[in-house]
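One file, upload27.csv, carrying CSV, C-alpha atoms:
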chain,number,residue,atom,x,y,z
A,1,MET,CA,115.5,103.5,101.4
A,2,SER,CA,114.2,101.7,98.4
A,3,LYS,CA,112.3,98.4,98.3
A,4,SER,CA,115.1,96.0,97.7
A,5,ASN,CA,114.4,92.7,96.1
A,6,PRO,CA,117.6,90.9,95.4
A,7,ALA,CA,115.9,87.6,94.8
A,8,ALA,CA,113.0,88.5,92.5
A,9,GLN,CA,111.5,85.3,91.1
A,10,SER,CA,110.3,84.3,87.7
A,11,PRO,CA,106.5,84.8,87.2
A,12,ARG,CA,106.4,81.2,86.0
A,13,GLU,CA,107.5,80.0,89.4
A,14,THR,CA,104.8,77.8,91.0
A,15,ASN,CA,106.2,77.4,94.5
A,16,ALA,CA,106.8,80.7,96.2
A,17,GLN,CA,108.8,79.3,99.1
A,18,THR,CA,111.6,76.9,98.6
A,19,GLY,CA,114.0,75.3,101.0
A,20,SER,CA,114.7,77.4,104.1
A,21,GLU,CA,114.2,80.8,102.3
A,22,PRO,CA,111.9,83.0,104.3
A,23,LEU,CA,108.5,83.8,102.8
A,24,ILE,CA,109.1,87.6,103.2
A,25,ARG,CA,112.7,88.2,102.2
A,26,ASN,CA,112.7,92.0,102.1
A,27,VAL,CA,110.5,95.1,101.7
A,28,SER,CA,109.9,94.3,98.0
A,29,ASP,CA,108.0,91.2,98.8
A,30,THR,CA,105.3,93.4,100.6
A,31,ALA,CA,104.4,94.6,97.1
A,32,ARG,CA,103.3,91.1,96.2
A,33,TRP,CA,101.2,91.0,99.4
A,34,VAL,CA,99.5,94.3,98.7
A,35,ALA,CA,98.7,93.1,95.2
A,36,VAL,CA,96.7,90.3,96.7
A,37,TYR,CA,94.4,92.8,98.4
A,38,ARG,CA,93.9,94.6,95.0
A,39,ALA,CA,93.0,91.2,93.4
A,40,ARG,CA,90.5,90.4,96.1
A,41,GLU,CA,88.7,93.8,95.7
A,42,THR,CA,88.7,93.4,91.9
A,43,GLU,CA,87.0,90.1,92.2
A,44,ARG,CA,84.1,91.4,94.3
A,45,PRO,CA,80.8,92.2,92.5
A,46,ASP,CA,80.7,95.6,94.2
A,47,ALA,CA,84.4,96.4,93.7
A,48,HIS,CA,85.4,100.1,94.1
A,49,PHE,CA,88.2,99.6,91.6
A,50,ARG,CA,89.3,97.0,89.1
A,51,ASP,CA,92.9,95.8,88.8
A,52,PRO,CA,92.9,92.9,86.3
A,53,PHE,CA,96.7,92.5,86.7
A,54,ALA,CA,96.9,92.2,90.5
A,55,ARG,CA,96.5,88.5,90.7
A,56,ARG,CA,99.3,87.8,88.2
A,57,LEU,CA,101.5,90.4,89.9
A,58,ALA,CA,101.0,88.9,93.3
A,59,GLY,CA,102.0,85.4,92.2
A,60,ASP,CA,102.2,82.4,94.4
A,61,ARG,CA,104.5,84.2,96.9
A,62,GLY,CA,102.0,87.0,97.4
A,63,GLU,CA,99.2,84.5,98.1
A,64,GLN,CA,101.3,82.7,100.6
A,65,ILE,CA,102.3,85.9,102.3
A,66,ALA,CA,98.7,87.0,102.6
A,67,LYS,CA,97.7,83.7,104.0
A,68,SER,CA,100.5,83.8,106.6
A,69,MET,CA,99.4,87.1,108.1
A,70,PRO,CA,97.5,86.8,111.4
A,71,LEU,CA,95.2,89.8,110.7
A,72,GLY,CA,93.0,87.8,108.4
A,73,PRO,CA,90.7,89.0,105.5
A,74,GLY,CA,88.7,91.2,107.8
A,75,ASN,CA,91.5,93.7,107.7
A,76,ASP,CA,91.7,94.0,103.9
A,77,TRP,CA,89.9,97.3,104.2
A,78,SER,CA,93.0,99.3,105.0
A,79,MET,CA,94.9,98.4,101.8
A,80,ILE,CA,91.8,98.6,99.6
A,81,THR,CA,90.9,102.1,101.0
A,82,ARG,CA,94.5,103.3,100.6
A,83,THR,CA,94.3,102.3,96.9
A,84,CYS,CA,90.9,104.0,96.5
A,85,LEU,CA,92.1,107.2,98.1
A,86,GLY,CA,95.3,107.2,96.1
A,87,ASP,CA,93.2,106.9,92.9
A,88,ASP,CA,91.0,109.8,94.0
A,89,PHE,CA,94.0,112.1,94.8
A,90,ILE,CA,95.6,111.3,91.4
A,91,ASN,CA,92.5,112.0,89.4
A,92,GLU,CA,92.0,115.3,91.3
A,93,GLN,CA,95.5,116.4,90.7
A,94,ILE,CA,95.4,115.5,87.0
A,95,GLN,CA,92.3,117.6,86.6
A,96,GLN,CA,94.3,120.5,88.1
A,97,GLY,CA,96.9,120.3,85.4
A,98,VAL,CA,99.5,117.7,86.5
A,99,ASP,CA,101.6,116.7,83.5
A,100,MET,CA,103.9,114.1,85.2
A,101,VAL,CA,103.3,111.6,87.9
A,102,ILE,CA,106.4,110.2,89.6
A,103,ASN,CA,105.9,107.0,91.6
A,104,LEU,CA,108.8,106.4,93.9
A,105,ALA,CA,109.3,102.8,95.0
A,106,ALA,CA,106.5,102.0,92.6
A,107,GLY,CA,106.7,98.2,93.3
A,108,LEU,CA,103.8,96.3,91.6
A,109,ASP,CA,101.5,99.3,91.2
A,110,ALA,CA,99.5,99.0,88.0
A,111,ARG,CA,97.7,102.4,87.8
A,112,PRO,CA,99.2,103.3,84.4
A,113,TYR,CA,97.4,100.3,83.0
A,114,ARG,CA,94.2,100.2,84.9
A,115,MET,CA,93.2,103.8,85.4
A,116,LYS,CA,91.5,106.2,82.9
A,117,LEU,CA,94.4,108.6,82.4
A,118,PRO,CA,95.1,111.2,79.7
A,119,PRO,CA,97.3,109.6,76.9
A,120,ALA,CA,99.6,112.6,77.1
A,121,LEU,CA,100.3,112.2,80.8
A,122,LYS,CA,103.9,111.2,81.6
A,123,TRP,CA,104.1,108.5,84.3
A,124,VAL,CA,107.5,107.6,85.7
A,125,GLU,CA,108.1,104.6,87.9
A,126,VAL,CA,111.2,104.4,90.0
A,127,ASP,CA,112.4,101.3,91.9
A,128,LEU,CA,115.1,98.7,92.0
A,129,PRO,CA,116.0,96.7,88.9
A,130,GLU,CA,114.7,93.4,90.2
A,131,ILE,CA,111.2,94.4,91.0
A,132,LEU,CA,110.7,96.5,87.8
A,133,SER,CA,112.0,93.6,85.7
A,134,TYR,CA,109.6,91.2,87.4
A,135,LYS,CA,106.7,93.6,86.7
A,136,GLU,CA,107.8,94.1,83.1
A,137,GLU,CA,107.8,90.4,82.5
A,138,ILE,CA,104.3,90.0,84.0
A,139,LEU,CA,102.9,92.9,81.9
A,140,ARG,CA,105.0,92.4,78.8
A,141,ASP,CA,101.8,91.9,76.6
A,142,GLU,CA,99.9,94.8,78.1
A,143,LYS,CA,99.8,98.4,77.0
A,144,ALA,CA,99.8,101.4,79.4
A,145,VAL,CA,97.1,104.0,78.8
A,146,CYS,CA,99.6,106.9,79.1
A,147,SER,CA,103.3,107.5,78.5
A,148,LEU,CA,105.1,105.2,80.9
A,149,GLU,CA,108.8,105.2,81.8
A,150,ARG,CA,110.6,103.0,84.2
A,151,ILE,CA,113.8,104.0,85.9
A,152,ARG,CA,115.9,101.6,87.8
A,153,LEU,CA,117.5,103.3,90.8
A,154,ASP,CA,118.3,102.7,94.4
A,155,LEU,CA,116.5,105.6,96.1
A,156,SER,CA,118.8,105.2,99.2
A,157,ASN,CA,121.6,106.7,97.2
A,158,PRO,CA,121.1,110.4,97.9
A,159,ALA,CA,123.4,111.7,95.1
A,160,ALA,CA,121.8,109.5,92.4
A,161,ARG,CA,118.3,110.3,93.7
A,162,ARG,CA,118.9,114.1,93.6
A,163,ASP,CA,120.3,113.8,90.0
A,164,LEU,CA,117.2,111.9,88.9
A,165,LEU,CA,114.8,114.3,90.6
A,166,ALA,CA,116.5,117.3,89.1
A,167,GLU,CA,116.2,115.7,85.6
A,168,LEU,CA,112.6,114.9,86.1
A,169,GLY,CA,112.0,118.4,87.4
A,170,ARG,CA,113.4,119.9,84.2
A,171,ARG,CA,111.2,117.6,82.1
A,172,SER,CA,107.9,118.5,83.8
A,173,ASN,CA,105.8,121.6,84.3
A,174,LYS,CA,103.6,120.4,87.2
A,175,ALA,CA,104.6,117.1,88.7
A,176,LEU,CA,102.9,114.9,91.3
A,177,ILE,CA,105.0,112.7,93.6
A,178,ILE,CA,103.6,109.4,95.0
A,179,THR,CA,105.3,107.4,97.8
A,180,GLU,CA,102.6,104.9,98.6
A,181,GLY,CA,103.7,102.2,101.0
A,182,LEU,CA,107.3,103.5,101.3
A,183,LEU,CA,107.8,105.9,104.1
A,184,ILE,CA,106.7,103.6,106.9
A,185,TYR,CA,109.8,101.5,106.3
A,186,LEU,CA,112.2,104.5,106.5
A,187,SER,CA,113.8,106.2,109.4
A,188,PRO,CA,112.7,109.8,110.3
A,189,ASP,CA,116.1,111.1,109.1
A,190,ASP,CA,115.7,109.3,105.7
A,191,VAL,CA,112.1,110.7,105.3
A,192,ALA,CA,113.4,114.2,106.1
A,193,GLY,CA,116.1,113.9,103.5
A,194,LEU,CA,113.7,112.6,100.9
A,195,ALA,CA,111.3,115.4,101.7
A,196,ARG,CA,114.0,118.1,101.2
A,197,ASP,CA,115.1,116.5,97.9
A,198,LEU,CA,111.5,116.5,96.6
A,199,ALA,CA,111.0,120.1,97.5
A,200,ALA,CA,114.0,121.2,95.4
A,201,PRO,CA,112.7,120.9,91.8
A,202,PRO,CA,110.4,123.9,91.1
A,203,SER,CA,108.0,121.8,89.1
A,204,PHE,CA,107.3,119.4,91.9
A,205,GLU,CA,104.1,120.9,93.3
A,206,SER,CA,102.2,118.1,95.1
A,207,TRP,CA,102.9,114.8,96.9
A,208,ILE,CA,100.7,111.9,97.9
A,209,LEU,CA,101.8,109.7,100.8
A,210,ASP,CA,100.3,107.4,103.4
A,211,LEU,CA,101.0,108.0,107.1
A,212,ALA,CA,100.7,105.9,110.2
A,213,SER,CA,100.4,107.0,113.9
A,214,PRO,CA,102.7,105.8,116.7
A,215,GLY,CA,99.7,104.0,118.1
A,216,LEU,CA,99.2,102.0,114.9
A,217,ILE,CA,102.9,101.1,114.8
A,218,ARG,CA,102.7,99.7,118.3
A,219,LEU,CA,99.7,97.7,117.5
A,220,LEU,CA,101.1,96.3,114.3
A,221,ALA,CA,104.4,95.3,116.0
A,222,LYS,CA,102.3,93.1,118.3
A,223,ARG,CA,99.9,91.6,115.8
A,224,MET,CA,101.8,91.3,112.5
A,225,ALA,CA,103.6,88.1,111.5
A,226,LYS,CA,107.2,88.0,112.9
A,227,GLN,CA,108.5,87.3,109.4
A,228,LEU,CA,107.3,90.7,108.3
A,229,THR,CA,108.6,92.7,111.2
A,230,ALA,CA,111.9,91.0,110.9
A,231,ALA,CA,112.4,91.5,107.1
A,232,ALA,CA,110.6,94.8,106.8
A,233,PRO,CA,110.3,96.6,110.2
A,234,PHE,CA,108.0,99.6,110.5
A,235,LYS,CA,110.0,102.7,111.4
A,236,PHE,CA,108.2,105.9,110.5
A,237,ALA,CA,105.2,107.1,112.5
A,238,PRO,CA,105.9,110.7,113.5
A,239,PRO,CA,104.1,112.0,116.7
A,240,GLU,CA,103.6,115.3,114.8
A,241,GLY,CA,101.6,113.5,112.2
A,242,PRO,CA,101.4,115.3,108.8
A,243,ASN,CA,103.0,118.4,110.3
A,244,PHE,CA,106.3,116.5,110.4
A,245,PHE,CA,106.8,117.6,106.8
A,246,ILE,CA,106.3,121.4,107.2
A,247,PRO,CA,110.0,122.2,108.1
A,248,TYR,CA,111.0,120.4,104.9
A,249,GLY,CA,108.9,122.5,102.6
A,250,TRP,CA,105.6,120.6,102.4
A,251,LYS,CA,102.2,121.6,103.8
A,252,PRO,CA,99.4,119.1,104.3
A,253,VAL,CA,96.3,120.3,102.5
A,254,ASP,CA,94.1,117.2,102.6
A,255,VAL,CA,94.3,114.4,105.2
A,256,ARG,CA,91.9,111.5,104.8
A,257,SER,CA,91.4,108.8,107.4
A,258,LEU,CA,91.5,105.3,106.1
A,259,LEU,CA,89.1,104.1,108.8
A,260,LYS,CA,86.5,106.7,108.1
A,261,HIS,CA,86.7,106.4,104.4
A,262,ALA,CA,86.5,102.6,104.6
A,263,ALA,CA,83.2,103.0,106.5
A,264,ARG,CA,81.9,105.1,103.6
A,265,LEU,CA,83.1,102.4,101.2
A,266,LYS,CA,81.2,99.8,103.3
A,267,ARG,CA,84.3,97.7,103.9
A,268,LEU,CA,84.4,97.5,107.7
A,269,SER,CA,83.2,94.9,110.1
A,270,LEU,CA,80.7,95.9,112.8
A,271,LEU,CA,83.5,96.5,115.4
A,272,PHE,CA,85.5,98.7,113.1
A,273,ARG,CA,82.3,100.6,112.1
A,274,PHE,CA,81.9,101.5,115.8
A,275,PHE,CA,85.5,102.9,115.9
A,276,ALA,CA,84.9,104.8,112.7
A,277,LEU,CA,82.2,106.8,114.5
A,278,LEU,CA,84.7,108.2,117.1
A,279,PRO,CA,85.8,111.8,116.5
A,280,GLU,CA,89.4,112.4,115.3
A,281,THR,CA,91.7,115.0,116.9
A,282,ASP,CA,95.4,115.6,116.6
A,283,LYS,CA,95.8,113.7,119.9
A,284,SER,CA,93.8,110.7,118.8
A,285,ARG,CA,95.7,110.5,115.5
A,286,ARG,CA,98.9,110.3,117.6
A,287,ASP,CA,97.8,108.0,120.4
A,288,ARG,CA,95.3,105.7,118.8
A,289,PRO,CA,95.9,103.3,115.9
A,290,TRP,CA,95.4,105.6,112.9
A,291,SER,CA,96.4,105.8,109.3
A,292,GLY,CA,95.6,108.1,106.4
A,293,MET,CA,96.3,109.2,102.9
A,294,CYS,CA,97.7,112.7,102.7
A,295,LEU,CA,98.0,115.3,99.9
A,296,PHE,CA,100.8,117.8,100.4
A,297,LYS,CA,101.5,121.0,98.5
A,298,LYS,CA,104.9,122.7,98.3
A,299,GLN,CA,105.1,125.8,100.4
Show me this structure written as structure tokens.
Amino acid sequence: MSKSNPAAQSPRETNAQTGSEPLIRNVSDTARWVAVYRARETERPDAHFRDPFARRLAGDRGEQIAKSMPLGPGNDWSMITRTCLGDDFINEQIQQGVDMVINLAAGLDARPYRMKLPPALKWVEVDLPEILSYKEEILRDEKAVCSLERIRLDLSNPAARRDLLAELGRRSNKALIITEGLLIYLSPDDVAGLARDLAAPPSFESWILDLASPGLIRLLAKRMAKQLTAAAPFKFAPPEGPNFFIPYGWKPVDVRSLLKHAARLKRLSLLFRFFALLPETDKSRRDRPWSGMCLFKKQ
């Protein structure tokens, strides 16, 4: 379930691909790829967010992964918009009294360093040891703006995961969960199990996640680089859309289309701007290529 990275490299490494090692070794390497998009947005004069750490976190391997992708820079909008919407949801939930943010499979996310967060906020990052150690080395001279804790854990271990979630539930009054860029790599059964576990602690009240449609998964399977689909295949795109989570205790309360929001951010090409004008329905979200950021509340 978690973003494994058994071969995390030193940040001082200058050549991201050596010998016959594949450029994308596992899901953890996609975190480096996503950091490149954050760096590109940061370097724009009209940036919607600033992540001064993204370029360092991406490293040479992240740059090479981004260059190898056939979609090209015209498709940066989806990752940029996902980040913007995640920031918006987080700020809104903190204003409503969230005292702990739990980022599962946190990867190379730098929000505790780059966002304006209350100093008393407790921020918990959970991921495998290798990826967190890599990030700690890159950010060793930086200071988080809130209380930051990193927990090394394989989230695919159900017993260990439940123990951790129970402990964090006891330590929080109103917790927000984030699983950005994680669920698409899990099977529906794994997602269902995670959803049940997240519903158990009484203090876990809200959950931010990104969701893809079956139509988008079919498109990406055809267009993405083979090295990505081999090392980190996309698995989760429920036909029910956000309603998939209702039987497991979570109700969708805010679903925001990446495409439509990207149009408002002025990050779309002319062709994508045309598609953004089309109305969205439950059927179109299932059949067309669609993705969104969703806020869930526990029922």
> Given the choices A:Leu220, A:Ile90, A:Glu142, A:Pro233, which gets closest to Leu121 (chain A) if the distance is worked out from only C-alpha atoms?
Replying inline: A:Ile90
> Pick from A:Pro45, A:Gly97, A:Gly249, A:Pro22: nearest to Arg61 (chain A), with all atoms listed in the file counted?
Replying inline: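 Using all atoms listed in the file, the shortest distance to Arg61 (chain A) belongs to A:Pro22.
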> With all atoms listed in the file as the atoms that count, which of A:Phe245, A:Phe53, A:Phe296, A:Tyr37 lies nearest to Tyr113 (chain A)?
Replying inline: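 Closest candidate: A:Phe53.
Those residues positioned at most 8 Å from (95.7, 101.3, 108.9) are A:Ser78, A:Met79, A:Ala212, A:Leu216, A:Leu258, A:Leu259, A:Pro289, A:Trp290, A:Ser291, A:Gly292, judged using all atoms listed in the file.
Taking CA of Lys67 (chain A) as the reference point, CA of Arg140 (chain A) is found at 27.6 Å.
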>> Counting only C-alpha atoms, which residues have an atom no more than 7 Å from (106.5, 106.0, 91.4) in the file's coordinates? Please list them as a PyMOL selection string.
In response: chain A and resi 102-106+124-126+178-179
> Interatomic distance between CA of Ser172 (chain A) and CA of Asp99 (chain A)?
Replying inline: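 Separating CA of Ser172 (chain A) from CA of Asp99 (chain A) is a distance of 6.6 Å.
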Using all atoms listed in the file, what table do you get, as a tab-separated table, when you list each residue of region 24-60 of chain A with an atom no more than 12 Å from region 184-208 of chain A, its nearest pair of atoms, and their distance in Å rounded to one decimal, rows by chain then rising number?
residue	atom	partner	partner_atom	distance
A:Asn26	CA	A:Tyr185	CA	10.8
A:Val27	CA	A:Tyr185	CA	7.9
A:Ser28	CA	A:Tyr185	CA	11.0
A:Thr30	CA	A:Tyr185	CA	10.9
> What gap, in Å, lies between CA of Glu92 (chain A) and CA of Arg256 (chain A)?
Replying inline: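 Distance between the two atoms: 14.0 Å.
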Using 9 Å as the limit and counting all atoms listed in the file, can you tabulate each residue of region 147-251 of chain A that touches region 270-288 of chain A, with its shortest atom-to-atom distance in Å and the two atoms involved, as JSON lines?
{"residue": "A:Ala212", "atom": "CA", "partner": "A:Arg285", "partner_atom": "CA", "distance": 8.6}
{"residue": "A:Ser213", "atom": "CA", "partner": "A:Arg286", "partner_atom": "CA", "distance": 5.2}
{"residue": "A:Pro214", "atom": "CA", "partner": "A:Arg286", "partner_atom": "CA", "distance": 6.0}
{"residue": "A:Gly215", "atom": "CA", "partner": "A:Arg288", "partner_atom": "CA", "distance": 4.8}
{"residue": "A:Leu216", "atom": "CA", "partner": "A:Arg288", "partner_atom": "CA", "distance": 6.6}
{"residue": "A:Ala237", "atom": "CA", "partner": "A:Arg286", "partner_atom": "CA", "distance": 8.7}
{"residue": "A:Pro238", "atom": "CA", "partner": "A:Arg286", "partner_atom": "CA", "distance": 8.1}
{"residue": "A:Pro239", "atom": "CA", "partner": "A:Arg286", "partner_atom": "CA", "distance": 5.5}
{"residue": "A:Glu240", "atom": "CA", "partner": "A:Arg286", "partner_atom": "CA", "distance": 7.4}
{"residue": "A:Gly241", "atom": "CA", "partner": "A:Arg286", "partner_atom": "CA", "distance": 6.8}
Where atoms are lacking, region 99-129 of chain A completed to N, CA and C atoms, as a compact mmCIF listing (two decimals), in the frame of the given file:
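Result went into part-v6.txt, see below:
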# COMPACT_ATOMS: atom_id res chain seq x y z
N ASP A 99 101.13 117.25 84.74
CA ASP A 99 101.60 116.70 83.50
C ASP A 99 102.53 115.50 83.65
N MET A 100 103.00 115.28 84.90
CA MET A 100 103.90 114.10 85.20
C MET A 100 103.58 113.59 86.56
N VAL A 101 103.45 112.27 86.64
CA VAL A 101 103.30 111.60 87.90
C VAL A 101 104.57 110.76 88.13
N ILE A 102 105.20 110.95 89.28
CA ILE A 102 106.40 110.20 89.60
C ILE A 102 106.17 109.34 90.79
N ASN A 103 106.16 108.04 90.54
CA ASN A 103 105.90 107.00 91.60
C ASN A 103 107.17 106.46 92.08
N LEU A 104 107.59 106.88 93.27
CA LEU A 104 108.80 106.40 93.90
C LEU A 104 108.61 105.12 94.63
N ALA A 105 109.51 104.15 94.44
CA ALA A 105 109.30 102.80 95.00
C ALA A 105 107.99 102.25 94.50
N ALA A 106 107.81 102.28 93.18
CA ALA A 106 106.50 102.00 92.60
C ALA A 106 106.09 100.53 92.79
N GLY A 107 107.04 99.62 93.01
CA GLY A 107 106.70 98.20 93.30
C GLY A 107 105.84 97.65 92.16
N LEU A 108 104.69 97.03 92.53
CA LEU A 108 103.80 96.30 91.60
C LEU A 108 102.56 97.14 91.29
N ASP A 109 102.59 98.44 91.50
CA ASP A 109 101.50 99.30 91.20
C ASP A 109 101.15 99.22 89.70
N ALA A 110 99.86 99.12 89.35
CA ALA A 110 99.50 99.00 88.00
C ALA A 110 98.57 100.13 87.48
N ARG A 111 98.62 101.26 88.16
CA ARG A 111 97.70 102.40 87.80
C ARG A 111 97.90 102.83 86.34
N PRO A 112 99.11 102.87 85.78
CA PRO A 112 99.20 103.30 84.40
C PRO A 112 98.51 102.39 83.39
N TYR A 113 98.12 101.21 83.84
CA TYR A 113 97.40 100.30 83.00
C TYR A 113 95.93 100.20 83.28
N ARG A 114 95.54 100.44 84.53
CA ARG A 114 94.20 100.20 84.90
C ARG A 114 93.31 101.46 85.06
N MET A 115 93.93 102.62 85.25
CA MET A 115 93.20 103.80 85.40
C MET A 115 92.87 104.53 84.11
N LYS A 116 91.84 105.38 84.10
CA LYS A 116 91.50 106.20 82.90
C LYS A 116 92.37 107.47 83.02
N LEU A 117 93.48 107.49 82.31
CA LEU A 117 94.40 108.60 82.40
C LEU A 117 94.58 109.25 81.02
N PRO A 118 94.91 110.54 80.99
CA PRO A 118 95.10 111.20 79.70
C PRO A 118 96.30 110.55 78.95
N PRO A 119 96.15 110.24 77.67
CA PRO A 119 97.30 109.60 76.90
C PRO A 119 98.55 110.42 76.96
N ALA A 120 98.44 111.75 77.08
CA ALA A 120 99.60 112.60 77.10
C ALA A 120 100.32 112.68 78.42
N LEU A 121 99.69 112.14 79.46
CA LEU A 121 100.30 112.20 80.80
C LEU A 121 101.59 111.39 80.81
N LYS A 122 102.62 111.96 81.42
CA LYS A 122 103.90 111.20 81.60
C LYS A 122 103.88 110.59 82.98
N TRP A 123 104.04 109.28 83.01
CA TRP A 123 104.10 108.50 84.30
C TRP A 123 105.43 107.87 84.40
N VAL A 124 106.11 108.13 85.52
CA VAL A 124 107.50 107.60 85.70
C VAL A 124 107.46 106.73 86.97
N GLU A 125 107.91 105.50 86.81
CA GLU A 125 108.10 104.60 87.90
C GLU A 125 109.54 104.44 88.26
N VAL A 126 109.86 104.56 89.55
CA VAL A 126 111.20 104.40 90.00
C VAL A 126 111.31 103.33 91.07
N ASP A 127 112.19 102.37 90.87
CA ASP A 127 112.40 101.30 91.90
C ASP A 127 113.65 100.55 91.49
N LEU A 128 113.96 99.54 92.29
CA LEU A 128 115.10 98.70 92.00
C LEU A 128 114.95 97.87 90.77
N PRO A 129 116.06 97.49 90.13
CA PRO A 129 116.00 96.70 88.90
C PRO A 129 115.16 95.45 88.98
